[in-house]
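*Asks:* Next comes upload-v5.tsv, TSV, C-alpha atoms:
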chain	number	residue	atom	x	y	z
A	27	MET	CA	0.00	0.00	0.00
A	28	GLU	CA	1.33	3.41	-0.95
A	29	GLU	CA	2.38	5.51	2.03
A	30	LYS	CA	0.05	8.42	2.70
A	31	LYS	CA	1.63	11.77	1.97
A	32	PHE	CA	0.68	14.63	4.26
A	33	SER	CA	0.55	18.27	3.18
A	34	CYS	CA	-0.55	21.72	4.30
A	35	VAL	CA	-4.18	20.63	4.70
A	36	ASP	CA	-3.03	18.19	7.40
A	37	CYS	CA	-0.94	20.71	9.35
A	38	MET	CA	-2.06	22.09	12.72
A	39	VAL	CA	0.98	24.31	13.35
A	40	ASN	CA	0.73	27.15	10.82
A	41	GLY	CA	4.42	27.85	11.34
A	42	CYS	CA	4.69	29.43	7.90
A	43	GLY	CA	2.29	32.09	9.15
A	44	GLU	CA	5.12	33.62	11.20
A	45	ASP	CA	3.30	33.04	14.48
A	46	GLU	CA	4.63	29.68	15.64
A	47	GLY	CA	8.35	30.36	15.86
A	48	GLY	CA	9.11	28.18	12.87
A	49	ARG	CA	8.01	24.94	14.55
A	50	TYR	CA	7.24	22.76	11.55
A	51	PRO	CA	5.81	19.23	11.50
A	52	GLU	CA	7.99	16.51	9.99
A	53	PHE	CA	6.02	16.53	6.75
A	54	CYS	CA	6.02	20.33	6.38
A	55	LEU	CA	6.18	21.41	2.75
A	56	THR	CA	8.33	24.40	3.76
A	57	SER	CA	10.97	22.61	5.84
A	58	CYS	CA	11.09	19.64	3.44
A	59	LEU	CA	10.97	21.74	0.30
A	60	ASP	CA	13.06	20.75	-2.69
A	61	GLU	CA	15.17	23.85	-3.22
A	62	GLY	CA	15.15	23.24	-6.95
A	63	VAL	CA	11.35	23.36	-7.06
A	64	LYS	CA	11.36	26.51	-4.94
A	65	ALA	CA	13.97	28.20	-7.13
A	66	ARG	CA	12.00	27.32	-10.27
A	67	ALA	CA	8.81	28.80	-8.82
A	68	MET	CA	10.53	31.94	-7.59
A	69	GLN	CA	12.05	32.50	-11.00
A	70	TYR	CA	8.59	33.10	-12.48
A	71	TYR	CA	8.23	36.24	-10.36
A	72	GLN	CA	11.15	37.73	-12.28
A	73	GLU	CA	8.98	37.84	-15.38
A	74	GLU	CA	7.74	41.40	-15.83
A	75	GLU	CA	4.02	40.56	-16.09
A	76	ASN	CA	4.08	38.20	-13.11
A	77	PHE	CA	5.88	40.73	-10.94
A	78	LYS	CA	3.40	43.41	-11.96
A	79	ILE	CA	0.51	41.15	-10.90
A	80	MET	CA	2.18	40.38	-7.57
A	81	GLU	CA	2.86	44.06	-6.91
A	82	ALA	CA	-0.74	45.01	-7.71
A	83	ALA	CA	-2.04	42.21	-5.48
A	84	ALA	CA	0.26	43.31	-2.65
A	85	TYR	CA	-0.98	46.88	-3.04
A	86	VAL	CA	-4.61	45.80	-2.81
A	87	GLU	CA	-3.93	43.56	0.18
A	88	CYS	CA	-2.03	46.29	2.01
A	89	GLU	CA	-4.30	49.24	1.28
A	90	GLY	CA	-7.66	47.49	1.45
A	91	TYR	CA	-7.06	44.91	4.18
A	92	CYS	CA	-10.38	44.43	6.03
A	93	ILE	CA	-11.61	47.69	4.45
A	94	TRP	CA	-12.50	47.07	0.80
A	95	PRO	CA	-15.05	44.41	-0.19
A	96	ARG	CA	-13.89	42.10	-2.96
A	97	VAL	CA	-15.63	44.01	-5.75
A	98	ARG	CA	-13.65	47.11	-4.75
A	99	GLU	CA	-10.48	45.05	-4.56
A	100	ILE	CA	-11.06	43.91	-8.15
A	101	ALA	CA	-11.55	47.48	-9.28
A	102	GLU	CA	-8.40	48.67	-7.53
A	103	PHE	CA	-6.38	45.71	-8.83
A	104	ALA	CA	-7.51	46.43	-12.38
A	105	LYS	CA	-6.57	50.10	-12.10
A	106	ARG	CA	-3.20	49.26	-10.57
A	107	MET	CA	-2.54	46.91	-13.48
A	108	GLY	CA	-3.51	49.62	-15.97
A	109	TYR	CA	-6.48	47.65	-17.25
A	110	HIS	CA	-9.42	49.46	-18.78
A	111	LYS	CA	-11.76	46.75	-20.11
A	112	ILE	CA	-13.19	44.20	-17.68
A	113	GLY	CA	-15.14	41.12	-18.71
A	114	ILE	CA	-17.84	39.52	-16.58
A	115	ALA	CA	-18.68	35.85	-17.13
A	116	SER	CA	-21.88	35.31	-15.19
A	117	CYS	CA	-24.44	32.66	-14.46
A	118	ILE	CA	-27.79	33.74	-15.83
A	119	GLY	CA	-29.16	33.05	-12.35
A	120	LEU	CA	-26.90	35.76	-10.95
A	121	ILE	CA	-27.38	38.32	-13.70
A	122	ARG	CA	-28.67	40.84	-11.16
A	123	GLU	CA	-25.42	40.49	-9.20
A	124	ALA	CA	-23.46	40.80	-12.45
A	125	ARG	CA	-25.25	44.05	-13.26
A	126	ALA	CA	-24.50	45.40	-9.80
A	127	ALA	CA	-20.84	44.47	-10.23
A	128	ALA	CA	-20.78	46.19	-13.62
A	129	GLU	CA	-22.24	49.36	-12.11
A	130	ILE	CA	-19.61	49.43	-9.38
A	131	LEU	CA	-16.73	48.71	-11.74
A	132	ARG	CA	-17.94	51.39	-14.15
A	133	SER	CA	-18.07	53.87	-11.27
A	134	HIS	CA	-14.31	53.37	-11.03
A	135	GLY	CA	-13.86	54.39	-14.64
A	136	LEU	CA	-13.63	50.86	-16.03
A	137	GLU	CA	-15.34	49.63	-19.18
A	138	VAL	CA	-17.35	46.44	-18.62
A	139	TYR	CA	-18.45	43.80	-21.12
A	140	GLY	CA	-20.36	40.71	-20.01
A	141	ALA	CA	-21.44	37.31	-21.30
A	142	ALA	CA	-24.02	35.18	-19.49
A	143	CYS	CA	-23.80	31.41	-19.32
A	144	LYS	CA	-26.71	30.58	-21.65
A	145	VAL	CA	-25.37	32.76	-24.47
A	146	GLY	CA	-25.90	31.14	-27.86
A	147	ALA	CA	-28.98	29.23	-26.66
A	148	VAL	CA	-27.44	25.86	-27.56
A	149	PRO	CA	-29.49	22.77	-26.55
A	150	LYS	CA	-27.61	20.39	-24.24
A	151	THR	CA	-28.33	17.48	-26.56
A	152	GLU	CA	-26.44	19.25	-29.36
A	153	VAL	CA	-23.12	18.47	-27.66
A	154	GLY	CA	-24.18	14.93	-26.76
A	155	LEU	CA	-25.45	15.46	-23.24
A	156	ASP	CA	-28.12	13.04	-22.05
A	157	PRO	CA	-31.67	14.46	-22.36
A	158	LYS	CA	-32.19	13.67	-18.67
A	159	TYR	CA	-30.16	16.78	-17.88
A	160	ASN	CA	-32.95	18.89	-19.37
A	161	ARG	CA	-34.62	18.59	-15.98
A	162	VAL	CA	-32.85	21.84	-15.03
A	163	GLY	CA	-33.11	23.51	-18.42
A	164	CYS	CA	-32.82	22.52	-22.07
A	165	ASN	CA	-30.07	24.93	-23.09
A	166	MET	CA	-26.51	24.29	-22.00
A	167	CYS	CA	-24.27	26.61	-20.05
A	168	ASN	CA	-21.59	27.62	-22.53
A	169	PRO	CA	-18.41	28.70	-20.71
A	170	VAL	CA	-16.20	28.21	-23.77
A	171	LEU	CA	-18.39	30.56	-25.81
A	172	GLN	CA	-18.37	33.03	-22.91
A	173	ALA	CA	-14.58	32.98	-22.99
A	174	GLU	CA	-14.46	33.37	-26.76
A	175	LEU	CA	-16.82	36.35	-26.68
A	176	LEU	CA	-14.77	38.08	-24.00
A	177	ASN	CA	-11.58	37.25	-25.90
A	178	GLU	CA	-13.06	38.86	-29.02
A	179	ALA	CA	-14.09	41.90	-26.99
A	180	GLY	CA	-10.49	42.35	-25.88
A	181	THR	CA	-11.13	42.25	-22.13
A	182	GLU	CA	-8.00	42.56	-20.00
A	183	LEU	CA	-9.33	41.00	-16.78
A	184	ASN	CA	-12.26	38.61	-16.59
A	185	VAL	CA	-14.44	38.29	-13.51
A	186	VAL	CA	-16.42	35.14	-12.72
A	187	VAL	CA	-19.85	35.72	-11.21
A	188	GLY	CA	-21.44	32.44	-10.16
A	189	LEU	CA	-20.44	29.99	-12.88
A	190	CYS	CA	-21.17	26.35	-12.05
A	191	VAL	CA	-18.46	24.00	-10.84
A	192	GLY	CA	-16.66	22.75	-13.93
A	193	HIS	CA	-18.09	25.47	-16.13
A	194	ASP	CA	-15.86	27.93	-14.30
A	195	SER	CA	-12.91	25.62	-14.98
A	196	LEU	CA	-13.62	25.58	-18.71
A	197	PHE	CA	-14.05	29.34	-18.77
A	198	ILE	CA	-10.69	29.85	-17.07
A	199	LYS	CA	-9.08	27.34	-19.44
A	200	TYR	CA	-10.15	29.25	-22.55
A	201	SER	CA	-9.98	32.83	-21.27
A	202	GLN	CA	-7.06	34.72	-22.78
A	203	ALA	CA	-7.18	37.33	-20.02
A	204	LEU	CA	-6.41	36.85	-16.36
A	205	VAL	CA	-9.38	35.55	-14.38
A	206	THR	CA	-10.53	36.33	-10.86
A	207	THR	CA	-13.70	35.35	-9.03
A	208	LEU	CA	-16.20	37.73	-7.47
A	209	VAL	CA	-19.02	35.30	-6.62
A	210	THR	CA	-18.78	31.53	-6.16
A	211	LYS	CA	-22.23	30.05	-6.67
A	212	ASP	CA	-23.68	27.85	-3.95
A	213	ARG	CA	-27.45	27.70	-4.21
A	214	VAL	CA	-27.76	25.94	-0.85
A	215	THR	CA	-25.86	28.49	1.24
A	216	GLY	CA	-26.86	31.74	-0.44
A	217	HIS	CA	-23.58	31.74	-2.38
A	218	ASN	CA	-21.46	31.43	0.75
A	219	PRO	CA	-19.73	28.06	0.24
A	220	ALA	CA	-17.65	28.50	3.40
A	221	ALA	CA	-20.84	28.07	5.44
A	222	ALA	CA	-20.78	24.36	4.68
A	223	LEU	CA	-17.18	24.15	5.91
A	224	TYR	CA	-17.94	25.98	9.14
A	225	ASN	CA	-20.96	23.75	9.78
A	226	MET	CA	-19.77	20.41	8.39
A	227	ASN	CA	-20.26	18.74	11.75
A	228	SER	CA	-23.73	20.14	12.30
A	229	TYR	CA	-26.19	21.66	9.84
A	230	PHE	CA	-24.51	20.62	6.61
A	231	GLY	CA	-23.04	17.31	7.74
A	232	SER	CA	-25.30	15.01	5.75
A	233	ARG	CA	-25.08	17.19	2.67
A	234	VAL	CA	-21.33	17.63	2.49
A	235	PHE	CA	-20.50	14.01	3.30
A	236	GLY	CA	-23.22	12.58	1.08
A	237	GLU	CA	-25.09	10.75	3.83
A	238	GLU	CA	-28.46	11.83	2.46
A	239	GLN	CA	-27.85	9.53	-0.49
A	240	LYS	CA	-27.47	6.37	1.60
Rewrite the structure of this file - the entire thing - as structure tokens.
*Replies:*
Amino acid sequence: MEEKKFSCVDCMVNGCGEDEGGRYPEFCLTSCLDEGVKARAMQYYQEEENFKIMEAAAYVECEGYCIWPRVREIAEFAKRMGYHKIGIASCIGLIREARAAAEILRSHGLEVYGAACKVGAVPKTEVGLDPKYNRVGCNMCNPVLQAELLNEAGTELNVVVGLCVGHDSLFIKYSQALVTTLVTKDRVTGHNPAAALYNMNSYFGSRVFGEEQK
């Protein structure tokens, strides 16, 4: 049997957070780090675009820490990067939130162009999906088309607003611009997926561990 490999998700020390005096567990990814892997990763920050992104992110973290909501952080990041045209890839079920985000981003002098998930009105069966999936709508979500439309529009930063799990992955895969997320859809928690993590041993236990299916 292959030996189980532990990682950061198994650590209870948080020594890398500068508050534990550097007391690392034996499996710590920092203390056991392959210096070659570390050097290779750090080299990427020497690339001009990557450094610019890191500097803009550091600026937003420093200036807006516990002050700016995420939508403001996105606006400030975009301005720091010198971006002017922002794309929004939204779930049609969160189009109201997408419009609100567009209004806020525009108030910061940014141009906004959006594409909703059902764009193109393509039936699910057209790509070979089983007709049983029509139970929640006949037309497919189309994250690849969303990405292509934003690519054609020349957006410089794309913002995800509530795309489904997997659809968001495809959108990110085909987006030519950087992607960040404003809203992560979770219909059960009012789009607050962390609620299930905080309550995994109480309210959401059966739902997160799948016990309701037994």
*Asks:* Which value, in Å to one decimal, gives the distance between atom CA of Val214 of chain A and atom CA of Glu123 of chain A?
*Replies:*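 Between atom CA of Val214 of chain A and atom CA of Glu123 of chain A the gap is 16.9 Å.
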*Asks:* Excluding Ala173 of chain A and its own-chain neighbours fewer than 3 positions away, which residues fall within 8 Å of it when counting all atoms listed in the file? Please give them as a list in words.
*Replies:*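 In the requested form, the answer reads Ala115, Pro169, Val170, Leu176, Asn177, Phe197, Ile198, Tyr200, Ser201 and Gln202 of chain A.
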*Asks:* Please produce a file of the residues just selected, as a PDB file, in the frame of the given file, where the atoms kept are C-alpha atoms.
*Replies:*
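Saved result, result-v5.pdb, follows:
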ATOM      1  CA  ALA A 115     -18.680  35.850 -17.130  1.00  0.00           C
ATOM      2  CA  PRO A 169     -18.410  28.700 -20.710  1.00  0.00           C
ATOM      3  CA  VAL A 170     -16.200  28.210 -23.770  1.00  0.00           C
ATOM      4  CA  LEU A 176     -14.770  38.080 -24.000  1.00  0.00           C
ATOM      5  CA  ASN A 177     -11.580  37.250 -25.900  1.00  0.00           C
ATOM      6  CA  PHE A 197     -14.050  29.340 -18.770  1.00  0.00           C
ATOM      7  CA  ILE A 198     -10.690  29.850 -17.070  1.00  0.00           C
ATOM      8  CA  TYR A 200     -10.150  29.250 -22.550  1.00  0.00           C
ATOM      9  CA  SER A 201      -9.980  32.830 -21.270  1.00  0.00           C
ATOM     10  CA  GLN A 202      -7.060  34.720 -22.780  1.00  0.00           C
TER      11      GLN A 202
END
*Asks:* So that I can see what lies close to segment 33-37 of chain A, please list as a PyMOL selection string the residues with an atom at most 12 Å from it, counting all atoms listed in the file and leaving out residues fewer than 3 positions away in the same chain.
*Replies:* chain A and resi 30+40-43+49-59
*Asks:* Would you compute the distance between atom CA of Asn227 of chain A and atom CA of Thr210 of chain A? Give it in Å to one decimal.
*Replies:* 22.1 Å
*Asks:* Using Å and a single decimal, report how far atom CA of Ala101 of chain A sits from atom CA of His134 of chain A.
*Replies:*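 Taking atom CA of His134 of chain A and atom CA of Ala101 of chain A, their separation equals 6.7 Å.
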*Asks:* My list of candidates is A:Leu155, A:Val148, A:Ile112, A:Ile118. Which is closest to Lys211 of chain A when distances are computed with all atoms listed in the file?
*Replies:*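 Going through A:Leu155, A:Val148, A:Ile112, A:Ile118 one by one, the smallest distance to Lys211 of chain A is for A:Ile118.
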*Asks:* Can you list, as a list in words, every protein, DNA or RNA residue that comes within 10 Å of Cys117 of chain A when you count all atoms listed in the file, leaving out same-chain residues fewer than 6 positions away?
*Replies:*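 My reading of the contact set: Glu123, Ala124, Ala141, Ala142, Cys143, Lys144, Cys167, Asn168, Pro169, Val186, Val187, Gly188, Leu189, Cys190, His193, Asp194, Val209 and Lys211 of chain A.
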*Asks:* Mind listing as a ChimeraX atom specification all residues within 12 Å of (0.8, 42.9, -10.2), counting all atoms listed in the file?
*Replies:* /A:71-87,102-109,204
*Asks:* Hey, what's within 9 Å of Asn160 of chain A if we count only C-alpha atoms and toss same-chain stuff fewer than 6 positions away? As a list in words, please?
*Replies:*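 Here the qualifying residues turn out to be Pro149, Lys150, Thr151 and Met166 of chain A.
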*Asks:* Using all atoms listed in the file, pick whichever of A:Ile93, A:Val153, A:Leu120, A:Ile114 has the shortest atom-to-atom distance to Ala203 of chain A.
*Replies:*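 Looking only at the distances to Ala203 of chain A, the closest residue turns out to be A:Ile114.
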*Asks:* Would you list the contacts of Ala222 of chain A as a list in words, taking every protein, DNA or RNA residue within 12 Å and counting all atoms listed in the file, but skipping same-chain residues closer than 2 positions in sequence?
*Replies:*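 The neighbour list is Asp212, Arg213, Val214, Thr215, Gly216, His217, Asn218, Pro219, Ala220, Tyr224, Asn225, Met226, Asn227, Ser228, Tyr229, Phe230, Gly231, Ser232, Arg233, Val234 and Phe235 of chain A.
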*Asks:* Out of A:Leu171, A:Pro157, A:Thr181, A:Gly163, which residue has the shortest atom-to-atom distance to Val138 of chain A when counting all atoms listed in the file?
*Replies:*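 Comparing A:Leu171, A:Pro157, A:Thr181, A:Gly163 against Val138 of chain A, the winner is A:Thr181.
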*Asks:* Of the candidates A:Arg132, A:Arg122, A:Lys111, A:Arg161, which shows the shortest atom-to-atom distance to Leu183 of chain A, using all atoms listed in the file?
*Replies:*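 Among A:Arg132, A:Arg122, A:Lys111, A:Arg161, it is A:Lys111 that comes nearest to Leu183 of chain A.
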*Asks:* What would segment 217-228 of chain A look like with all heavy atoms restored, written as a PDB file, in the frame of the given file?
*Replies:*
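Okay, out08.pdb is ready:
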ATOM      1  N   HIS A 217     -24.845  31.395  -1.740  1.00  0.00           N
ATOM      2  CA  HIS A 217     -23.580  31.740  -2.380  1.00  0.00           C
ATOM      3  C   HIS A 217     -22.489  32.062  -1.356  1.00  0.00           C
ATOM      4  O   HIS A 217     -21.655  32.935  -1.570  1.00  0.00           O
ATOM      5  CB  HIS A 217     -23.768  32.883  -3.385  1.00  0.00           C
ATOM      6  CG  HIS A 217     -24.924  32.650  -4.298  1.00  0.00           C
ATOM      7  ND1 HIS A 217     -25.081  31.479  -5.017  1.00  0.00           N
ATOM      8  CD2 HIS A 217     -26.018  33.409  -4.583  1.00  0.00           C
ATOM      9  CE1 HIS A 217     -26.202  31.534  -5.718  1.00  0.00           C
ATOM     10  NE2 HIS A 217     -26.792  32.684  -5.464  1.00  0.00           N
ATOM     11  N   ASN A 218     -22.511  31.334  -0.266  1.00  0.00           N
ATOM     12  CA  ASN A 218     -21.460  31.430   0.750  1.00  0.00           C
ATOM     13  C   ASN A 218     -20.951  30.014   1.021  1.00  0.00           C
ATOM     14  O   ASN A 218     -21.297  29.395   2.024  1.00  0.00           O
ATOM     15  CB  ASN A 218     -22.011  32.057   2.042  1.00  0.00           C
ATOM     16  CG  ASN A 218     -20.972  32.071   3.157  1.00  0.00           C
ATOM     17  OD1 ASN A 218     -19.769  32.000   2.903  1.00  0.00           O
ATOM     18  ND2 ASN A 218     -21.429  32.127   4.396  1.00  0.00           N
ATOM     19  N   PRO A 219     -20.136  29.443   0.110  1.00  0.00           N
ATOM     20  CA  PRO A 219     -19.730  28.060   0.240  1.00  0.00           C
ATOM     21  C   PRO A 219     -18.986  27.742   1.532  1.00  0.00           C
ATOM     22  O   PRO A 219     -18.983  26.593   1.986  1.00  0.00           O
ATOM     23  CB  PRO A 219     -18.823  27.821  -0.976  1.00  0.00           C
ATOM     24  CG  PRO A 219     -18.730  29.094  -1.709  1.00  0.00           C
ATOM     25  CD  PRO A 219     -19.618  30.106  -1.084  1.00  0.00           C
ATOM     26  N   ALA A 220     -18.357  28.752   2.144  1.00  0.00           N
ATOM     27  CA  ALA A 220     -17.650  28.500   3.400  1.00  0.00           C
ATOM     28  C   ALA A 220     -18.584  28.093   4.523  1.00  0.00           C
ATOM     29  O   ALA A 220     -18.159  27.462   5.494  1.00  0.00           O
ATOM     30  CB  ALA A 220     -16.842  29.737   3.801  1.00  0.00           C
ATOM     31  N   ALA A 221     -19.874  28.437   4.393  1.00  0.00           N
ATOM     32  CA  ALA A 221     -20.840  28.070   5.440  1.00  0.00           C
ATOM     33  C   ALA A 221     -20.877  26.566   5.653  1.00  0.00           C
ATOM     34  O   ALA A 221     -21.005  26.080   6.783  1.00  0.00           O
ATOM     35  CB  ALA A 221     -22.228  28.592   5.077  1.00  0.00           C
ATOM     36  N   ALA A 222     -20.764  25.817   4.561  1.00  0.00           N
ATOM     37  CA  ALA A 222     -20.780  24.360   4.680  1.00  0.00           C
ATOM     38  C   ALA A 222     -19.526  23.855   5.390  1.00  0.00           C
ATOM     39  O   ALA A 222     -19.569  22.834   6.098  1.00  0.00           O
ATOM     40  CB  ALA A 222     -20.887  23.725   3.298  1.00  0.00           C
ATOM     41  N   LEU A 223     -18.411  24.552   5.237  1.00  0.00           N
ATOM     42  CA  LEU A 223     -17.180  24.150   5.910  1.00  0.00           C
ATOM     43  C   LEU A 223     -17.256  24.443   7.402  1.00  0.00           C
ATOM     44  O   LEU A 223     -16.824  23.642   8.233  1.00  0.00           O
ATOM     45  CB  LEU A 223     -15.988  24.896   5.294  1.00  0.00           C
ATOM     46  CG  LEU A 223     -15.854  24.833   3.766  1.00  0.00           C
ATOM     47  CD1 LEU A 223     -14.611  25.591   3.316  1.00  0.00           C
ATOM     48  CD2 LEU A 223     -15.812  23.398   3.278  1.00  0.00           C
ATOM     49  N   TYR A 224     -17.825  25.608   7.729  1.00  0.00           N
ATOM     50  CA  TYR A 224     -17.940  25.980   9.140  1.00  0.00           C
ATOM     51  C   TYR A 224     -18.940  25.094   9.878  1.00  0.00           C
ATOM     52  O   TYR A 224     -18.861  24.943  11.100  1.00  0.00           O
ATOM     53  CB  TYR A 224     -18.372  27.441   9.266  1.00  0.00           C
ATOM     54  CG  TYR A 224     -17.408  28.432   8.659  1.00  0.00           C
ATOM     55  CD1 TYR A 224     -17.876  29.537   7.952  1.00  0.00           C
ATOM     56  CD2 TYR A 224     -16.038  28.265   8.785  1.00  0.00           C
ATOM     57  CE1 TYR A 224     -17.005  30.447   7.387  1.00  0.00           C
ATOM     58  CE2 TYR A 224     -15.158  29.170   8.221  1.00  0.00           C
ATOM     59  CZ  TYR A 224     -15.635  30.260   7.523  1.00  0.00           C
ATOM     60  OH  TYR A 224     -14.768  31.160   6.960  1.00  0.00           O
ATOM     61  N   ASN A 225     -19.891  24.535   9.156  1.00  0.00           N
ATOM     62  CA  ASN A 225     -20.960  23.750   9.780  1.00  0.00           C
ATOM     63  C   ASN A 225     -20.976  22.302   9.327  1.00  0.00           C
ATOM     64  O   ASN A 225     -22.007  21.639   9.371  1.00  0.00           O
ATOM     65  CB  ASN A 225     -22.317  24.400   9.467  1.00  0.00           C
ATOM     66  CG  ASN A 225     -22.445  25.780  10.072  1.00  0.00           C
ATOM     67  OD1 ASN A 225     -22.669  25.931  11.262  1.00  0.00           O
ATOM     68  ND2 ASN A 225     -22.296  26.805   9.238  1.00  0.00           N
ATOM     69  N   MET A 226     -19.828  21.771   8.908  1.00  0.00           N
ATOM     70  CA  MET A 226     -19.770  20.410   8.390  1.00  0.00           C
ATOM     71  C   MET A 226     -20.121  19.363   9.430  1.00  0.00           C
ATOM     72  O   MET A 226     -20.562  18.264   9.088  1.00  0.00           O
ATOM     73  CB  MET A 226     -18.371  20.111   7.825  1.00  0.00           C
ATOM     74  CG  MET A 226     -17.239  20.267   8.818  1.00  0.00           C
ATOM     75  SD  MET A 226     -15.624  20.013   8.049  1.00  0.00           S
ATOM     76  CE  MET A 226     -15.333  18.292   8.462  1.00  0.00           C
ATOM     77  N   ASN A 227     -19.936  19.705  10.699  1.00  0.00           N
ATOM     78  CA  ASN A 227     -20.260  18.740  11.750  1.00  0.00           C
ATOM     79  C   ASN A 227     -21.614  19.003  12.391  1.00  0.00           C
ATOM     80  O   ASN A 227     -21.942  18.430  13.432  1.00  0.00           O
ATOM     81  CB  ASN A 227     -19.163  18.762  12.831  1.00  0.00           C
ATOM     82  CG  ASN A 227     -17.837  18.255  12.301  1.00  0.00           C
ATOM     83  OD1 ASN A 227     -17.804  17.246  11.599  1.00  0.00           O
ATOM     84  ND2 ASN A 227     -16.758  18.952  12.605  1.00  0.00           N
ATOM     85  N   SER A 228     -22.399  19.886  11.748  1.00  0.00           N
ATOM     86  CA  SER A 228     -23.730  20.140  12.300  1.00  0.00           C
ATOM     87  C   SER A 228     -24.743  20.235  11.164  1.00  0.00           C
ATOM     88  O   SER A 228     -25.153  19.232  10.585  1.00  0.00           O
ATOM     89  CB  SER A 228     -23.727  21.414  13.160  1.00  0.00           C
ATOM     90  OG  SER A 228     -23.214  22.525  12.423  1.00  0.00           O
TER      91      SER A 228
END
